[in-house]
Amino acid sequence: MHQYGKAVDVRASLRQDFRDWVQVAWAALDAGADYVETASEGGWNHVHADWRHDGQGPPLTVRLEIAGQVVDPEGHPVPSARVLGTSDAAGGTAGMPAWEGPDAEGRFVLRTVGRPGRPYRLRAHTEHGGATQLVQVPEGATGLVHLETELVLVPNILRAALSHRSFRLASRGGRSFWHRRRYLPRRHGRG
């Protein structure tokens, strides 16, 4: 008996063959599992599935398919981009690669598992730029959830400039976002 009752752990390494991992996870959901552990929750080397609700109530995990396109700021396709996705539980993990693409038109399909009502983060990057976007898995979703999106790459130079903007302003005698007066403690009467 599994420590979680009606549950199973199936060996499938995401790092060796992510397609195998996804197929096993989707098969468990097709077999009626209420919950399948996402890769970032600890399932990199196996698929954990269980039947917590015994078929009663909504599933805690859905099959997730995200179709999209990677484009540059002018709207041109970027077929050389690498697309990765991570659930909201991810903490610095590499991510799930795209199932298909990006093709010559920058189109991709990413398949994984997700949690209804929670965000799923997509990232695309090339040596020249990157993009990040959250897509929301609808609350109460069941079965196969199909989402569509567009990832617009931002050049690395612009990304670096935006991330360091507040520091440069502060170094020129200005106040950065974090040092505005409203964030400083108030001094009460002198005494």
# chains A, B, ... in the order shown; residues from 1 in each chain; ligands from 1
call {"tool": "residues_around", "arguments": {"residues": "region 7-17 of chain A", "least_positions_apart": "6", "cutoff": "7 Å", "atoms": "only C-alpha atoms", "output": "short mmCIF file (atom, residue, chain, number, x, y, z; two decimals) with N, CA, C and O atoms, in the first residue's frame"}}
result
data_model
loop_
_atom_site.label_atom_id
_atom_site.label_comp_id
_atom_site.auth_asym_id
_atom_site.auth_seq_id
_atom_site.Cartn_x
_atom_site.Cartn_y
_atom_site.Cartn_z
N TRP A 44 10.36 15.02 -10.66
CA TRP A 44 11.29 15.01 -11.79
C TRP A 44 11.65 13.60 -12.24
O TRP A 44 11.92 13.37 -13.40
N ASN A 45 11.68 12.63 -11.32
CA ASN A 45 12.10 11.27 -11.66
C ASN A 45 10.96 10.27 -11.66
O ASN A 45 11.18 9.09 -11.89
N HIS A 46 9.76 10.73 -11.37
CA HIS A 46 8.61 9.83 -11.34
C HIS A 46 7.32 10.64 -11.51
O HIS A 46 7.33 11.86 -11.39
N VAL A 47 6.25 9.92 -11.82
CA VAL A 47 4.93 10.54 -11.84
C VAL A 47 4.17 9.99 -10.64
O VAL A 47 4.01 8.78 -10.51
N HIS A 48 3.76 10.88 -9.75
CA HIS A 48 2.96 10.48 -8.59
C HIS A 48 1.51 10.84 -8.90
O HIS A 48 1.19 11.99 -9.23
N ALA A 49 0.63 9.86 -8.81
CA ALA A 49 -0.80 10.08 -9.03
C ALA A 49 -1.56 9.44 -7.89
O ALA A 49 -1.18 8.38 -7.40
N ASP A 50 -2.64 10.10 -7.45
CA ASP A 50 -3.48 9.46 -6.44
C ASP A 50 -4.94 9.80 -6.64
O ASP A 50 -5.30 10.69 -7.41
N TRP A 51 -5.76 9.05 -5.96
CA TRP A 51 -7.21 9.14 -6.06
C TRP A 51 -7.74 9.63 -4.70
O TRP A 51 -8.41 8.92 -3.99
#
call {"tool": "residues_around", "arguments": {"residues": "Arg115 (chain A)", "least_positions_apart": "4", "cutoff": "8 Å", "atoms": "only C-alpha atoms", "output": "list in words"}}
result
Leu60, Thr61, Val62, Pro119 and Val137 of chain A
call {"tool": "select_by_dssp", "arguments": {"residues": "region 44-162 of chain A", "states": "strand (DSSP E)", "output": "ChimeraX atom specification"}}
result
/A:46-50,62-71,82-87,96-97,107-114,119-125,129-136,144-152,154-155
call {"tool": "closest_residue", "arguments": {"among": "A:Gly32, A:Pro59, A:Gly68, A:Pro102", "to": "Glu148 (chain A)", "atoms": "only C-alpha atoms"}}
result
A:Gly68
call {"tool": "atom_distance", "arguments": {"atom1": "CA of Ser80 (chain A)", "atom2": "CA of Val22 (chain A)"}}
result
23.4 Å
call {"tool": "select_by_dssp", "arguments": {"residues": "region 9-173 of chain A", "states": "helix (DSSP H, G or I)", "output": "ChimeraX atom specification"}}
result
/A:18-30,39-41,156-171
call {"tool": "closest_residue", "arguments": {"among": "A:Val83, A:Val36, A:Val113, A:Val145", "to": "Trp99 (chain A)", "atoms": "only C-alpha atoms"}}
result
A:Val83
call {"tool": "closest_residue", "arguments": {"among": "A:Thr38, A:Ala31, A:Glu105, A:Gln136", "to": "Arg118 (chain A)", "atoms": "only C-alpha atoms"}}
result
A:Gln136
call {"tool": "atom_distance", "arguments": {"atom1": "CA of Arg63 (chain A)", "atom2": "CA of Gly75 (chain A)"}}
result
29.6 Å
call {"tool": "residues_around", "arguments": {"residues": "Leu153 (chain A)", "least_positions_apart": "2", "cutoff": "6 Å", "atoms": "only C-alpha atoms", "output": "PyMOL selection string"}}
result
chain A and resi 72+129-131
call {"tool": "write_last_selection", "arguments": {"atoms": "N, CA, C and O atoms", "output": "PDB file, in the first residue's frame"}}
result
ATOM      1  N   ASP A  72       9.274  38.723 -32.023  1.00  0.00           N
ATOM      2  CA  ASP A  72      10.118  39.828 -31.572  1.00  0.00           C
ATOM      3  C   ASP A  72       9.230  41.059 -31.383  1.00  0.00           C
ATOM      4  O   ASP A  72       8.028  41.011 -31.668  1.00  0.00           O
ATOM      5  N   GLY A 129      17.505  37.827 -26.281  1.00  0.00           N
ATOM      6  CA  GLY A 129      16.401  38.362 -25.493  1.00  0.00           C
ATOM      7  C   GLY A 129      15.563  37.283 -24.849  1.00  0.00           C
ATOM      8  O   GLY A 129      15.826  36.091 -25.003  1.00  0.00           O
ATOM      9  N   GLY A 130      14.547  37.724 -24.131  1.00  0.00           N
ATOM     10  CA  GLY A 130      13.694  36.778 -23.442  1.00  0.00           C
ATOM     11  C   GLY A 130      12.319  37.354 -23.162  1.00  0.00           C
ATOM     12  O   GLY A 130      12.081  38.552 -23.311  1.00  0.00           O
ATOM     13  N   ALA A 131      11.406  36.467 -22.762  1.00  0.00           N
ATOM     14  CA  ALA A 131      10.041  36.857 -22.420  1.00  0.00           C
ATOM     15  C   ALA A 131       9.540  35.946 -21.318  1.00  0.00           C
ATOM     16  O   ALA A 131       9.920  34.771 -21.250  1.00  0.00           O
TER      17      ALA A 131
END
call {"tool": "atom_distance", "arguments": {"atom1": "CA of Arg19 (chain A)", "atom2": "CA of Leu122 (chain A)"}}
result
17.6 Å
call {"tool": "residues_around", "arguments": {"residues": "Arg52 (chain A)", "least_positions_apart": "6", "cutoff": "8 Å", "atoms": "only C-alpha atoms", "output": "list in words"}}
result
Lys6, Ala33, Asp34 and Tyr35 of chain A
call {"tool": "write_last_selection", "arguments": {"atoms": "all heavy atoms", "output": "PDB file, in the first residue's frame"}}
result
ATOM      1  N   LYS A   6      -4.726   5.314  -1.915  1.00  0.00           N
ATOM      2  CA  LYS A   6      -4.906   4.939  -3.317  1.00  0.00           C
ATOM      3  C   LYS A   6      -4.022   5.819  -4.188  1.00  0.00           C
ATOM      4  O   LYS A   6      -4.452   6.854  -4.686  1.00  0.00           O
ATOM      5  CB  LYS A   6      -6.360   5.080  -3.719  1.00  0.00           C
ATOM      6  CG  LYS A   6      -7.287   4.124  -3.012  1.00  0.00           C
ATOM      7  CD  LYS A   6      -8.696   4.339  -3.488  1.00  0.00           C
ATOM      8  CE  LYS A   6      -9.629   3.384  -2.783  1.00  0.00           C
ATOM      9  NZ  LYS A   6     -11.010   3.579  -3.211  1.00  0.00           N
ATOM     10  N   ALA A  33      -7.354   9.652 -11.945  1.00  0.00           N
ATOM     11  CA  ALA A  33      -6.625  10.227 -10.810  1.00  0.00           C
ATOM     12  C   ALA A  33      -7.133  11.641 -10.547  1.00  0.00           C
ATOM     13  O   ALA A  33      -7.387  12.403 -11.471  1.00  0.00           O
ATOM     14  CB  ALA A  33      -5.127  10.247 -11.071  1.00  0.00           C
ATOM     15  N   ASP A  34      -7.286  11.990  -9.258  1.00  0.00           N
ATOM     16  CA  ASP A  34      -7.690  13.343  -8.874  1.00  0.00           C
ATOM     17  C   ASP A  34      -6.499  14.294  -8.850  1.00  0.00           C
ATOM     18  O   ASP A  34      -6.646  15.490  -9.026  1.00  0.00           O
ATOM     19  CB  ASP A  34      -8.281  13.348  -7.457  1.00  0.00           C
ATOM     20  CG  ASP A  34      -9.492  12.466  -7.336  1.00  0.00           C
ATOM     21  OD1 ASP A  34     -10.409  12.604  -8.159  1.00  0.00           O
ATOM     22  OD2 ASP A  34      -9.516  11.640  -6.408  1.00  0.00           O
ATOM     23  N   TYR A  35      -5.326  13.731  -8.574  1.00  0.00           N
ATOM     24  CA  TYR A  35      -4.142  14.549  -8.320  1.00  0.00           C
ATOM     25  C   TYR A  35      -2.926  13.905  -8.970  1.00  0.00           C
ATOM     26  O   TYR A  35      -2.689  12.716  -8.805  1.00  0.00           O
ATOM     27  CB  TYR A  35      -3.911  14.652  -6.810  1.00  0.00           C
ATOM     28  CG  TYR A  35      -2.622  15.306  -6.409  1.00  0.00           C
ATOM     29  CD1 TYR A  35      -2.506  16.686  -6.384  1.00  0.00           C
ATOM     30  CD2 TYR A  35      -1.508  14.546  -6.057  1.00  0.00           C
ATOM     31  CE1 TYR A  35      -1.318  17.290  -6.017  1.00  0.00           C
ATOM     32  CE2 TYR A  35      -0.320  15.146  -5.682  1.00  0.00           C
ATOM     33  CZ  TYR A  35      -0.228  16.522  -5.668  1.00  0.00           C
ATOM     34  OH  TYR A  35       0.949  17.117  -5.311  1.00  0.00           O
TER      35      TYR A  35
END
call {"tool": "residues_around", "arguments": {"residues": "Glu100 (chain A)", "least_positions_apart": "4", "cutoff": "10 Å", "atoms": "only C-alpha atoms", "output": "PyMOL selection string"}}
result
chain A and resi 67+83+107-111
call {"tool": "write_last_selection", "arguments": {"atoms": "C-alpha atoms", "output": "mmCIF file, in the first residue's frame"}}
result
data_model
loop_
_atom_site.group_PDB
_atom_site.id
_atom_site.type_symbol
_atom_site.label_atom_id
_atom_site.label_comp_id
_atom_site.auth_asym_id
_atom_site.auth_seq_id
_atom_site.Cartn_x
_atom_site.Cartn_y
_atom_site.Cartn_z
ATOM 1 C CA ALA A 67 -0.321 26.807 -27.807
ATOM 2 C CA VAL A 83 10.250 27.756 -24.629
ATOM 3 C CA ARG A 107 4.542 28.577 -33.036
ATOM 4 C CA PHE A 108 4.839 26.081 -30.196
ATOM 5 C CA VAL A 109 2.751 23.665 -28.146
ATOM 6 C CA LEU A 110 3.585 22.872 -24.529
ATOM 7 C CA ARG A 111 1.913 19.931 -22.756
#
call {"tool": "residues_around", "arguments": {"residues": "Val154 (chain A)", "least_positions_apart": "5", "cutoff": "12 Å", "atoms": "only C-alpha atoms", "output": "list of chain:residue names"}}
result
A:Val70, A:Val71, A:Asp72, A:Pro73, A:Glu74, A:Gly75, A:Val78, A:Ala81, A:Arg123, A:Ala124, A:His125, A:Thr126, A:Glu127, A:His128, A:Gly129, A:Gly130, A:Ala131, A:Thr132, A:Gln133, A:Arg159, A:Ala160, A:Ala161, A:Leu162
call {"tool": "closest_residue", "arguments": {"among": "A:Gly106, A:Thr112, A:Pro58, A:Leu147", "to": "Val24 (chain A)", "atoms": "only C-alpha atoms"}}
result
A:Thr112
